[in-house]
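Enquirer: mmCIF, C-alpha atoms, saved as upload-v6.cif, coming up:
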```cif
data_target
#
loop_
_atom_site.label_atom_id
_atom_site.label_comp_id
_atom_site.auth_asym_id
_atom_site.auth_seq_id
_atom_site.Cartn_x
_atom_site.Cartn_y
_atom_site.Cartn_z
CA MET A 1 -8.30 -32.57 50.80
CA ARG A 2 -6.39 -29.32 50.13
CA ALA A 3 -5.20 -30.51 46.75
CA THR A 4 -8.51 -29.99 45.00
CA PRO A 5 -9.08 -26.36 45.94
CA ALA A 6 -5.44 -25.66 45.27
CA GLY A 7 -5.77 -27.17 41.80
CA SER A 8 -8.84 -25.14 41.06
CA THR A 9 -7.13 -21.99 42.19
CA GLY A 10 -4.23 -22.89 39.94
CA ILE A 11 -6.52 -23.02 36.90
CA VAL A 12 -7.96 -19.61 37.62
CA THR A 13 -4.53 -18.18 38.18
CA ALA A 14 -3.15 -19.67 35.01
CA GLY A 15 -6.08 -18.40 32.97
CA ALA A 16 -5.76 -14.96 34.45
CA LEU A 17 -2.03 -14.99 33.80
CA ALA A 18 -2.52 -15.92 30.19
CA ALA A 19 -5.08 -13.18 29.75
CA PHE A 20 -2.74 -10.73 31.37
CA LEU A 21 0.10 -11.69 29.11
CA ILE A 22 -2.00 -11.26 25.97
CA CYS A 23 -3.58 -8.01 26.97
CA GLY A 24 -0.95 -6.53 29.18
CA GLN A 25 2.08 -6.98 26.97
CA PRO A 26 2.90 -3.90 24.95
CA ALA A 27 1.23 -4.29 21.57
CA ARG A 28 3.65 -4.76 18.70
CA ALA A 29 2.58 -4.65 15.11
CA PHE A 30 3.86 -3.69 11.75
CA THR A 31 1.61 -1.58 9.64
CA VAL A 32 1.30 -1.66 5.90
CA ASN A 33 -0.36 1.32 4.27
CA ILE A 34 -2.12 0.63 1.02
CA THR A 35 -3.51 3.06 -1.48
CA ALA A 36 -4.51 3.01 -5.10
CA ALA A 37 -1.77 4.23 -7.42
CA ASN A 38 -4.25 5.30 -10.06
CA PRO A 39 -7.65 5.39 -8.39
CA LYS A 40 -9.41 7.05 -11.33
CA ALA A 41 -9.38 6.32 -15.03
CA ILE A 42 -11.71 7.16 -17.88
CA TYR A 43 -11.86 6.12 -21.51
CA LEU A 44 -14.17 7.31 -24.25
CA GLN A 45 -14.29 6.14 -27.82
CA VAL A 46 -16.56 7.58 -30.49
CA GLY A 47 -16.02 5.95 -33.84
CA VAL A 48 -12.65 4.33 -34.35
CA GLY A 49 -10.43 3.75 -31.32
CA THR A 50 -7.27 1.99 -30.27
CA PHE A 51 -6.67 -0.86 -27.91
CA THR A 52 -3.25 -2.41 -27.54
CA GLY A 53 -2.44 -5.90 -26.40
CA GLY A 54 -5.76 -7.34 -27.51
CA ASN A 55 -9.28 -6.64 -26.44
CA TYR A 56 -10.21 -5.82 -22.87
CA ASN A 57 -11.05 -9.41 -22.00
CA ALA A 58 -7.59 -10.44 -23.21
CA GLY A 59 -5.84 -7.90 -21.05
CA GLY A 60 -5.64 -5.12 -23.60
CA THR A 61 -5.33 -1.51 -22.65
CA PRO A 62 -6.79 1.55 -24.38
CA GLY A 63 -4.69 3.97 -26.35
CA ASN A 64 -5.12 7.35 -27.95
CA ASN A 65 -6.66 7.69 -31.37
CA ALA A 66 -6.96 11.17 -32.80
CA THR A 67 -9.05 10.18 -35.82
CA ILE A 68 -12.15 12.27 -36.39
CA ASN A 69 -14.78 10.22 -38.13
CA THR A 70 -17.51 11.65 -40.27
CA VAL A 71 -21.18 10.90 -40.66
CA SER A 72 -22.74 12.05 -43.90
CA VAL A 73 -25.58 11.79 -46.33
CA SER A 74 -26.14 13.00 -49.89
CA VAL A 75 -29.74 14.00 -50.35
CA PRO A 76 -31.05 13.41 -53.88
CA ALA A 77 -32.25 16.62 -55.48
CA ALA A 78 -35.75 15.28 -55.81
CA SER A 79 -35.89 14.51 -52.12
CA VAL A 80 -34.60 17.74 -50.67
CA GLY A 81 -36.94 19.03 -48.00
CA ASN A 82 -39.57 16.32 -48.42
CA SER A 83 -39.50 15.51 -44.69
CA VAL A 84 -38.40 11.96 -45.32
CA ALA A 85 -35.53 11.35 -42.96
CA GLN A 86 -32.30 10.50 -44.69
CA ALA A 87 -30.17 7.77 -43.21
CA MET A 88 -26.57 8.80 -42.68
CA THR A 89 -23.50 6.63 -42.93
CA THR A 90 -20.10 6.82 -41.35
CA ASN A 91 -16.54 6.36 -42.44
CA SER A 92 -15.72 4.79 -39.09
CA PRO A 93 -14.37 1.27 -39.51
CA GLN A 94 -15.16 0.38 -35.90
CA ALA A 95 -17.70 -2.42 -35.88
CA ILE A 96 -16.28 -4.49 -33.05
CA SER A 97 -16.32 -3.75 -29.38
CA PHE A 98 -12.88 -3.64 -27.84
CA TYR A 99 -14.48 -5.25 -24.83
CA ASP A 100 -14.43 -8.69 -26.39
CA GLY A 101 -14.06 -8.31 -30.14
CA PHE A 102 -17.75 -8.92 -30.74
CA THR A 103 -19.24 -7.26 -33.83
CA PHE A 104 -21.39 -4.86 -31.90
CA CYS A 105 -22.15 -2.22 -34.54
CA ASN A 106 -23.16 -2.52 -38.19
CA LEU A 107 -21.17 -0.61 -40.77
CA PRO A 108 -21.47 1.81 -42.40
CA ALA A 109 -24.74 2.73 -40.73
CA GLN A 110 -23.59 2.89 -37.11
CA VAL A 111 -21.03 4.73 -35.05
CA TYR A 112 -19.60 2.99 -32.04
CA ILE A 113 -19.66 4.96 -28.79
CA GLY A 114 -18.29 3.40 -25.65
CA GLY A 115 -15.98 3.79 -22.72
CA PHE A 116 -15.38 3.08 -19.10
CA TYR A 117 -14.99 4.83 -15.81
CA ARG A 118 -12.77 3.67 -12.98
CA ASN A 119 -12.86 5.05 -9.46
CA THR A 120 -12.13 3.57 -6.05
CA THR A 121 -14.57 5.90 -4.32
CA ASN A 122 -18.22 6.28 -5.01
CA THR A 123 -18.79 9.82 -6.14
CA GLY A 124 -21.39 9.08 -8.81
CA ALA A 125 -21.36 8.22 -12.48
CA ALA A 126 -19.31 9.72 -15.27
CA THR A 127 -21.16 11.71 -17.89
CA VAL A 128 -20.77 11.83 -21.63
CA THR A 129 -21.75 15.11 -23.22
CA ALA A 130 -21.83 16.27 -26.82
CA THR A 131 -21.16 19.81 -27.90
CA SER A 132 -22.57 20.71 -31.30
CA PRO A 133 -22.68 24.08 -33.00
CA ALA A 134 -25.99 25.67 -33.83
CA ASN A 135 -25.71 24.92 -37.51
CA LEU A 136 -23.96 23.01 -40.21
CA ILE A 137 -22.56 25.48 -42.72
CA ASN A 138 -21.68 25.25 -46.38
CA GLY A 139 -19.01 27.14 -48.27
CA THR A 140 -21.25 30.11 -48.98
CA GLY A 141 -22.55 30.48 -45.46
CA ASP A 142 -25.86 28.71 -45.84
CA THR A 143 -26.88 26.74 -42.78
CA ILE A 144 -28.79 23.72 -41.60
CA PRO A 145 -29.70 23.58 -37.91
CA PHE A 146 -27.92 20.83 -36.06
CA THR A 147 -31.30 19.96 -34.59
CA GLN A 148 -32.03 18.33 -37.95
CA ILE A 149 -29.72 15.48 -37.00
CA SER A 150 -30.88 12.69 -34.73
CA TRP A 151 -29.76 9.23 -33.82
CA THR A 152 -31.17 5.97 -32.66
CA SER A 153 -29.28 3.69 -30.30
CA SER A 154 -28.81 -0.05 -30.34
CA GLY A 155 -26.19 -2.75 -30.28
CA ASN A 156 -26.04 -6.22 -31.73
CA GLY A 157 -27.16 -8.71 -29.14
CA ASP A 158 -28.31 -6.03 -26.73
CA THR A 159 -31.60 -6.06 -24.91
CA GLY A 160 -32.92 -3.39 -22.63
CA ALA A 161 -31.99 0.23 -22.35
CA GLN A 162 -28.88 1.60 -23.99
CA PRO A 163 -26.38 3.54 -21.87
CA PHE A 164 -26.23 6.17 -24.62
CA PRO A 165 -29.86 6.38 -25.75
CA SER A 166 -31.43 7.85 -28.84
CA GLY A 167 -31.54 11.60 -29.17
CA THR A 168 -31.28 14.73 -31.26
CA PHE A 169 -28.53 17.31 -31.28
CA VAL A 170 -29.52 20.55 -29.63
CA GLY A 171 -26.95 22.88 -31.12
CA GLY A 172 -25.14 23.23 -27.82
CA VAL A 173 -24.02 21.08 -24.93
CA GLN A 174 -26.16 18.08 -24.06
CA THR A 175 -25.88 14.87 -22.10
CA ILE A 176 -25.50 11.76 -24.23
CA GLY A 177 -25.44 9.24 -21.40
CA THR A 178 -23.68 8.11 -18.26
CA ILE A 179 -21.20 5.44 -17.29
CA SER A 180 -21.57 3.93 -13.86
CA ARG A 181 -18.52 3.63 -11.67
CA ASN A 182 -16.25 0.74 -12.58
CA GLN A 183 -18.24 -0.24 -15.58
CA TRP A 184 -17.86 -0.45 -19.31
CA ALA A 185 -20.71 1.01 -21.37
CA GLU A 186 -21.27 1.05 -25.14
CA SER A 187 -23.90 1.67 -27.80
CA CYS A 188 -24.13 2.06 -31.56
CA HIS A 189 -25.64 5.24 -32.94
CA THR A 190 -27.47 5.37 -36.25
CA PHE A 191 -27.72 8.95 -37.45
CA SER A 192 -30.28 10.53 -39.73
CA TYR A 193 -31.01 13.92 -41.23
CA SER A 194 -34.63 14.95 -40.79
CA ASN A 195 -34.72 16.82 -44.12
CA THR A 196 -37.69 19.01 -43.26
CA SER A 197 -36.78 22.12 -45.21
CA ILE A 198 -35.39 23.06 -48.58
CA ARG A 199 -31.79 24.24 -48.43
CA PRO A 200 -29.46 25.62 -51.07
CA ALA A 201 -27.25 23.03 -52.68
CA GLY A 202 -23.88 22.55 -51.10
CA THR A 203 -21.84 20.56 -48.65
CA TYR A 204 -22.79 21.41 -45.11
CA THR A 205 -20.43 20.48 -42.33
CA GLY A 206 -20.26 20.78 -38.59
CA ARG A 207 -18.29 19.09 -35.86
CA VAL A 208 -19.62 17.52 -32.70
CA THR A 209 -17.25 16.99 -29.79
CA TYR A 210 -17.94 14.26 -27.27
CA THR A 211 -16.59 14.59 -23.76
CA LEU A 212 -16.47 12.14 -20.87
CA SER A 213 -16.32 13.80 -17.46
CA SER A 214 -15.84 11.99 -14.16
CA PRO A 215 -16.94 13.40 -10.82
CA MET B 1 -11.40 -45.94 52.55
CA LYS B 2 -9.20 -42.95 53.29
CA MET B 3 -6.54 -44.25 50.95
CA ALA B 4 -9.12 -44.81 48.19
CA LEU B 5 -10.56 -41.35 48.69
CA ARG B 6 -7.10 -39.78 48.46
CA SER B 7 -6.49 -41.64 45.24
CA VAL B 8 -9.69 -40.34 43.77
CA LEU B 9 -8.90 -36.83 44.90
CA ALA B 10 -5.41 -37.08 43.47
CA LEU B 11 -6.83 -38.22 40.16
CA VAL B 12 -9.30 -35.35 40.13
CA THR B 13 -6.53 -32.93 40.97
CA LEU B 14 -4.29 -34.32 38.26
CA THR B 15 -7.09 -34.03 35.74
CA ILE B 16 -7.78 -30.46 36.65
CA VAL B 17 -4.16 -29.48 36.59
CA THR B 18 -3.73 -31.18 33.23
CA GLY B 19 -6.69 -29.21 31.99
CA ALA B 20 -4.96 -26.07 33.11
CA VAL B 21 -1.90 -26.60 30.92
CA PRO B 22 -3.41 -25.22 27.69
CA ALA B 23 -4.34 -22.06 29.56
CA ILE B 24 -0.74 -21.63 30.66
CA ALA B 25 0.40 -22.24 27.08
CA ALA B 26 -1.97 -19.63 25.74
CA THR B 27 -1.31 -17.06 23.12
CA PHE B 28 1.31 -14.38 23.56
CA VAL B 29 1.85 -11.39 21.37
CA VAL B 30 5.34 -11.42 19.94
CA ASP B 31 7.41 -8.29 20.13
CA ASP B 32 8.17 -7.43 16.52
CA GLY B 33 8.79 -3.78 17.11
CA ALA B 34 11.96 -3.94 15.03
CA SER B 35 10.05 -5.04 11.95
CA ALA B 36 9.97 -2.58 9.11
CA PRO B 37 8.15 -2.37 5.78
CA GLN B 38 10.63 -1.42 3.09
CA GLU B 39 8.29 1.25 1.75
CA SER B 40 5.94 3.54 3.56
CA THR B 41 3.00 2.72 1.32
CA ALA B 42 2.12 -0.08 -1.04
CA LEU B 43 0.75 1.34 -4.27
CA LEU B 44 -1.99 -0.87 -5.63
CA ARG B 45 -2.89 -0.92 -9.29
CA TRP B 46 -5.97 -2.19 -11.07
CA ARG B 47 -5.47 -5.81 -12.04
CA ARG B 48 -7.54 -5.07 -15.13
CA PHE B 49 -7.01 -1.58 -16.39
CA ALA B 50 -10.56 -1.36 -17.72
CA PRO B 51 -13.65 -2.43 -15.81
CA SER B 52 -16.06 -5.03 -17.07
CA ARG B 53 -19.64 -4.57 -18.18
CA ALA B 54 -20.77 -6.28 -15.01
CA ASN B 55 -18.75 -4.28 -12.49
CA ASP B 56 -17.02 -7.45 -11.32
CA SER B 57 -13.34 -6.90 -12.01
CA ASN B 58 -12.34 -4.31 -9.48
CA THR B 59 -9.31 -5.90 -7.88
CA LEU B 60 -6.40 -3.71 -6.96
CA GLU B 61 -3.08 -5.40 -6.39
CA GLY B 62 0.41 -4.54 -5.31
CA ALA B 63 3.43 -5.82 -3.45
CA MET B 64 5.65 -4.80 -0.58
CA ALA B 65 8.53 -6.37 1.29
CA VAL B 66 8.62 -6.33 5.05
CA VAL B 67 11.63 -7.27 7.14
CA VAL B 68 10.23 -8.83 10.27
CA ARG B 69 12.27 -9.28 13.40
CA LEU B 70 10.57 -11.37 16.02
CA ASN B 71 11.81 -11.16 19.57
CA LEU B 72 11.39 -14.75 20.70
CA ALA B 73 13.75 -14.47 23.64
CA PRO B 74 11.07 -15.16 26.25
CA TRP B 75 10.42 -18.58 24.69
CA THR B 76 13.84 -19.83 23.67
CA HIS B 77 14.49 -23.52 24.31
CA ARG B 78 10.76 -24.18 24.21
CA THR B 79 8.58 -25.24 21.34
CA GLY B 80 5.71 -23.28 19.94
CA ARG B 81 3.75 -22.10 16.98
CA VAL B 82 4.06 -18.61 15.60
CA PHE B 83 1.17 -17.03 13.73
CA LEU B 84 0.81 -13.96 11.59
CA ALA B 85 -2.43 -12.23 12.56
CA LEU B 86 -4.45 -9.59 10.76
CA PRO B 87 -7.31 -8.45 12.96
CA GLU B 88 -10.57 -7.19 11.53
CA GLN B 89 -10.09 -3.52 10.87
CA GLY B 90 -13.37 -2.44 9.36
CA THR B 91 -11.82 -1.66 6.03
CA ALA B 92 -12.26 -2.66 2.43
CA PRO B 93 -11.96 -6.40 1.78
CA VAL B 94 -8.34 -7.35 1.37
CA ARG B 95 -6.31 -10.51 1.00
CA VAL B 96 -2.63 -10.66 1.64
CA SER B 97 -0.40 -13.50 0.58
CA TRP B 98 3.31 -13.69 1.19
CA THR B 99 6.43 -15.54 0.30
CA THR B 100 9.44 -15.94 2.55
CA GLN B 101 13.10 -16.82 2.46
CA GLY B 102 12.45 -20.06 4.25
CA ARG B 103 12.62 -19.28 7.93
CA LEU B 104 8.89 -18.68 8.08
CA LEU B 105 6.14 -20.37 6.11
CA PRO B 106 4.46 -18.68 3.16
CA GLY B 107 0.71 -18.24 3.25
CA SER B 108 -2.20 -15.93 2.80
CA ILE B 109 -4.54 -14.18 5.16
CA ALA B 110 -7.73 -12.16 5.25
CA PRO B 111 -8.72 -9.79 8.06
CA GLY B 112 -9.97 -11.55 11.16
CA ASN B 113 -7.63 -14.49 10.85
CA ARG B 114 -4.24 -15.72 11.87
CA VAL B 115 -2.05 -18.08 9.90
CA LEU B 116 0.71 -20.40 11.05
CA VAL B 117 4.15 -19.25 9.96
CA TYR B 118 6.35 -21.35 12.24
CA ALA B 119 6.06 -24.47 14.33
CA GLY B 120 8.83 -26.10 16.28
CA PRO B 121 11.57 -25.35 18.77
CA ILE B 122 12.40 -21.75 19.49
CA ALA B 123 16.14 -21.88 19.00
CA THR B 124 16.98 -18.25 18.50
CA ALA B 125 16.16 -15.13 20.46
CA VAL B 126 15.53 -13.05 17.36
CA LEU B 127 14.08 -14.48 14.19
CA GLU B 128 14.59 -12.29 11.15
CA GLU B 129 12.81 -12.92 7.91
CA THR B 130 11.73 -10.99 4.83
CA LEU B 131 8.12 -11.33 3.83
CA THR B 132 7.19 -10.31 0.31
CA LEU B 133 3.57 -9.35 0.57
CA GLN B 134 1.17 -9.57 -2.35
CA ILE B 135 -1.83 -7.45 -1.49
CA GLU B 136 -5.23 -7.57 -3.14
CA ALA B 137 -8.03 -5.17 -2.29
CA ASP B 138 -11.52 -4.47 -3.52
CA GLY B 139 -11.00 -1.39 -5.64
CA SER B 140 -14.64 -0.42 -5.45
CA ARG B 141 -14.41 0.01 -1.69
CA LEU B 142 -10.89 1.18 -0.99
CA PRO B 143 -10.63 4.55 0.74
CA ASN B 144 -7.80 6.91 -0.10
CA MET B 145 -5.49 5.25 2.40
CA GLN B 146 -5.97 2.07 4.36
CA ARG B 147 -3.78 0.73 7.13
CA LEU B 148 -3.28 -2.96 7.63
CA LYS B 149 -2.05 -3.66 11.14
CA PHE B 150 -0.41 -7.03 11.42
CA HIS B 151 1.07 -8.68 14.46
CA PHE B 152 2.58 -12.01 15.41
CA GLU B 153 1.33 -14.36 18.08
CA ILE B 154 2.94 -17.40 19.61
CA ASP B 155 1.38 -20.44 21.21
CA VAL B 156 4.01 -21.96 23.48
CA ASP B 157 3.80 -25.65 24.31
#
```
Turn this file's structure into structure tokens for me.

Expert:
Amino acid sequence: MRATPAGSTGIVTAGALAAFLICGQPARAFTVNITAANPKAIYLQVGVGTFTGGNYNAGGTPGNNATINTVSVSVPAASVGNSVAQAMTTNSPQAISFYDGFTFCNLPAQVYIGGFYRNTTNTGAATVTATSPANLINGTGDTIPFTQISWTSSGNGDTGAQPFPSGTFVGGVQTIGTISRNQWAESCHTFSYSNTSIRPAGTYTGRVTYTLSSP
Amino acid sequence: MKMALRSVLALVTLTIVTGAVPAIAATFVVDDGASAPQESTALLRWRRFAPSRANDSNTLEGAMAVVVRLNLAPWTHRTGRVFLALPEQGTAPVRVSWTTQGRLLPGSIAPGNRVLVYAGPIATAVLEETLTLQIEADGSRLPNMQRLKFHFEIDVD
């Protein structure tokens, strides 16, 4: 008759012992610290760019390309200042997206603009800005306001809003678009000269600098 | 009748005591205080240098070797199963896989789990092994520094 209660007590004791051994034994553990070696990375390409080792989807990585592409138009004398916008063309050979090699832009009408933004922490999107001077200038100092140059935005096969939408230069610093964290974004810009005023003959030039800034 | 009753009681007692055995053979934390990662921090790099359009390629990866020294002295000459455990730690999703030199089993683990690394007789008081850890983490959710606290457990038969 004593065996049963003794057995029951034994169960409780054993369970309590096991619990004690798990919880009461000094905790031992090895700790591995992990951190990102390069938590942030940005890449911006306007016009021609460089990717080595194939396109992105083949494991390629971006490289530096110092080429400055041009966008230009020659306005026929009879058309100067007639307010008919003049389509501009580029010398950029970049029609494909380095994302996958797809022919994303149409040459010579469009300039590729794309890039990516890497970050392990969420501090917001990266921003692409353009800095343009107030005017294009010819050799004798005549000017055309940079506000005469606009662009539309598209991309072969794209639907919906472009990450770098249509716009007009402001002759200063302006936002061109944003790149969300850990995403690739790209558009094709088709530039035009609004041609709303008569200007002296000449070659007018000006440089726009695009900048990608991460938070 | 008394004899029959005693037999029944003995059977009940035996059953209960048998049921108690797994509790006695419950899990113990193994002293691995002499274990040491060979580097203080594992540096993880983006698996894909550039992100995708769809924000779906954010894996960070890296490796680290850890020399583990398990103090199995309390269970020598018994049999048991040793597990590597990685408790939930409220951190970014990670997955750790490892290879060994053969004394422990290779495997992989995610937080909140334990994985068998040894089963059989405990023949030595100290088991030393080098684990080469391959660590993957969600790069979109990794804080500046994250600590992964592993430990070993043993179920003794």

Enquirer: As a list of chain:residue names, please: the residues near Gly62 (chain B) (cut-off 12 Å, only C-alpha atoms, same-chain neighbours under 4 positions excluded).

Expert: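 Within the cut-off, the hits are A:Val32, A:Asn33, A:Ile34, A:Thr35, A:Ala36, A:Ala37, A:Asn38, B:Thr41, B:Ala42, B:Leu43, B:Leu44, B:Arg45, B:Trp46, B:Arg47, B:Val94, B:Arg95, B:Val96, B:Ser97, B:Trp98, B:Thr132, B:Leu133, B:Gln134, B:Ile135, B:Glu136, B:Ala137, B:Gly139.
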
Enquirer: Between CA of Tyr204 (chain A) and CA of Met88 (chain A), what distance in Å does the model show, to one decimal?

Expert: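 If I compute the distance from CA of Tyr204 (chain A) to CA of Met88 (chain A), I get 13.4 Å.
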
Enquirer: Report, in Å with one decimal, the straight-line distance from CA of Thr31 (chain A) to CA of Gly120 (chain B).

Expert: 26.4 Å

Enquirer: Compute the distance from (-26.0, -8.2, -29.6) to each atom, counting only C-alpha atoms, keep the residues with any atom at most 10 Å away, and return them as an MDAnalysis selection string; use the coordinates of the file.

Expert: chainID A and resid 102:105 154:159

Enquirer: From the options B:Ser35, B:Thr76, B:Ser108, B:Thr130, which residue's atoms come nearest to chain A, counting all atoms listed in the file?

Expert: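 Distance minimum relative to chain A lands on B:Ser35.
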
Enquirer: By how many Å are CA of Pro111 (chain B) and CA of Ala26 (chain B) apart?

Expert: 21.3 Å

Enquirer: For region 69-75 of chain A, find every residue with an atom within 8 Å (counting all atoms listed in the file), except residues of its own chain fewer than 5 positions away, and show them as a VMD selection string.

Expert: chain A and resid 47 to 48 80 86 to 92 191 193

Enquirer: Suppose a student applies the PyMOL selection byres ((chain B and resi 52) around 9) to this structure; what residues should they get, written as a PyMOL selection string?

Expert: (chain A and resi 56-57+99+116+182-185) or (chain B and resi 48+50-51+53-58)

Enquirer: Near Ser180 (chain A), counting only C-alpha atoms, which residues have an atom at most 7 Å away, once you skip same-chain residues fewer than 6 positions from it, shown as a ChimeraX atom specification?

Expert: /A:117,125-126

Enquirer: With all atoms listed in the file as the atoms that count, which of A:Asn106, A:Gly177, A:Glu186, A:Thr143 lies nearest to chain B?

Expert: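 For chain B, the nearest of the candidates is A:Glu186.
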
Enquirer: Mind telling me what the PyMOL selection byres ((chain B and resi 75) around 9) catches here, as a ChimeraX atom specification?

Expert: /B:72-74,76-80,122-123,125,156

Enquirer: For a quick check of understanding, using all atoms listed in the file, which of A:Gly49, A:Gly81, A:Gly115, A:Pro215 has the smallest distance to chain B?

Expert: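 Of A:Gly49, A:Gly81, A:Gly115, A:Pro215, the one nearest chain B is A:Gly115, counting all atoms listed in the file.
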
Enquirer: Evaluate the PyMOL selection byres ((chain A and resi 52) around 10) and record the selected residues as a list in words, following the chain and residue labels used in the document.

Expert: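 In the shown coordinates, the PyMOL selection byres ((chain A and resi 52) around 10) covers Thr50, Phe51, Gly53, Gly54, Asn55, Tyr56, Gly59, Gly60, Thr61, Pro62, Gly63, Asn64 and Phe98 of chain A.
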
Enquirer: Quick one: residues within 6 Å of Thr190 (chain A), all atoms listed in the file, excluding same-chain residues fewer than 6 positions away - as a list in words?

Expert: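 After dropping sequence-adjacent residues, the list is Ala109, Gln110, Trp151 and Thr152 of chain A.
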
Enquirer: Kindly indicate which residue among A:Gly202, A:Pro108, A:Gly167, A:Gly114 lies nearest to chain B, using only C-alpha atoms for the distances.

Expert: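 Smallest separation from chain B among the options: A:Gly114.
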
Enquirer: Could you give me the centre and size, in Å to one decimal, of an axis-aligned box around all listed atoms of region 189-194 of chain A with 8 Å added on every side, as AutoDock Vina command-line options?

Expert:
```
--center_x -30.1 --center_y 10.1 --center_z -37.1 --size_x 25.0 --size_y 25.7 --size_z 24.3
```

Enquirer: Near region 87-92 of chain B, counting all atoms listed in the file, which residues have an atom at most 6 Å away, once you skip same-chain residues fewer than 2 positions from it, shown as number ranges by chain?

Expert: B: 111-112, 141-142

Enquirer: Using all atoms listed in the file, find the one residue out of B:Gly102, B:Ser140, B:Asp157, B:Arg81 that sits nearest to chain A.

Expert: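 The shortest atom-to-atom distance to chain A comes from B:Ser140.
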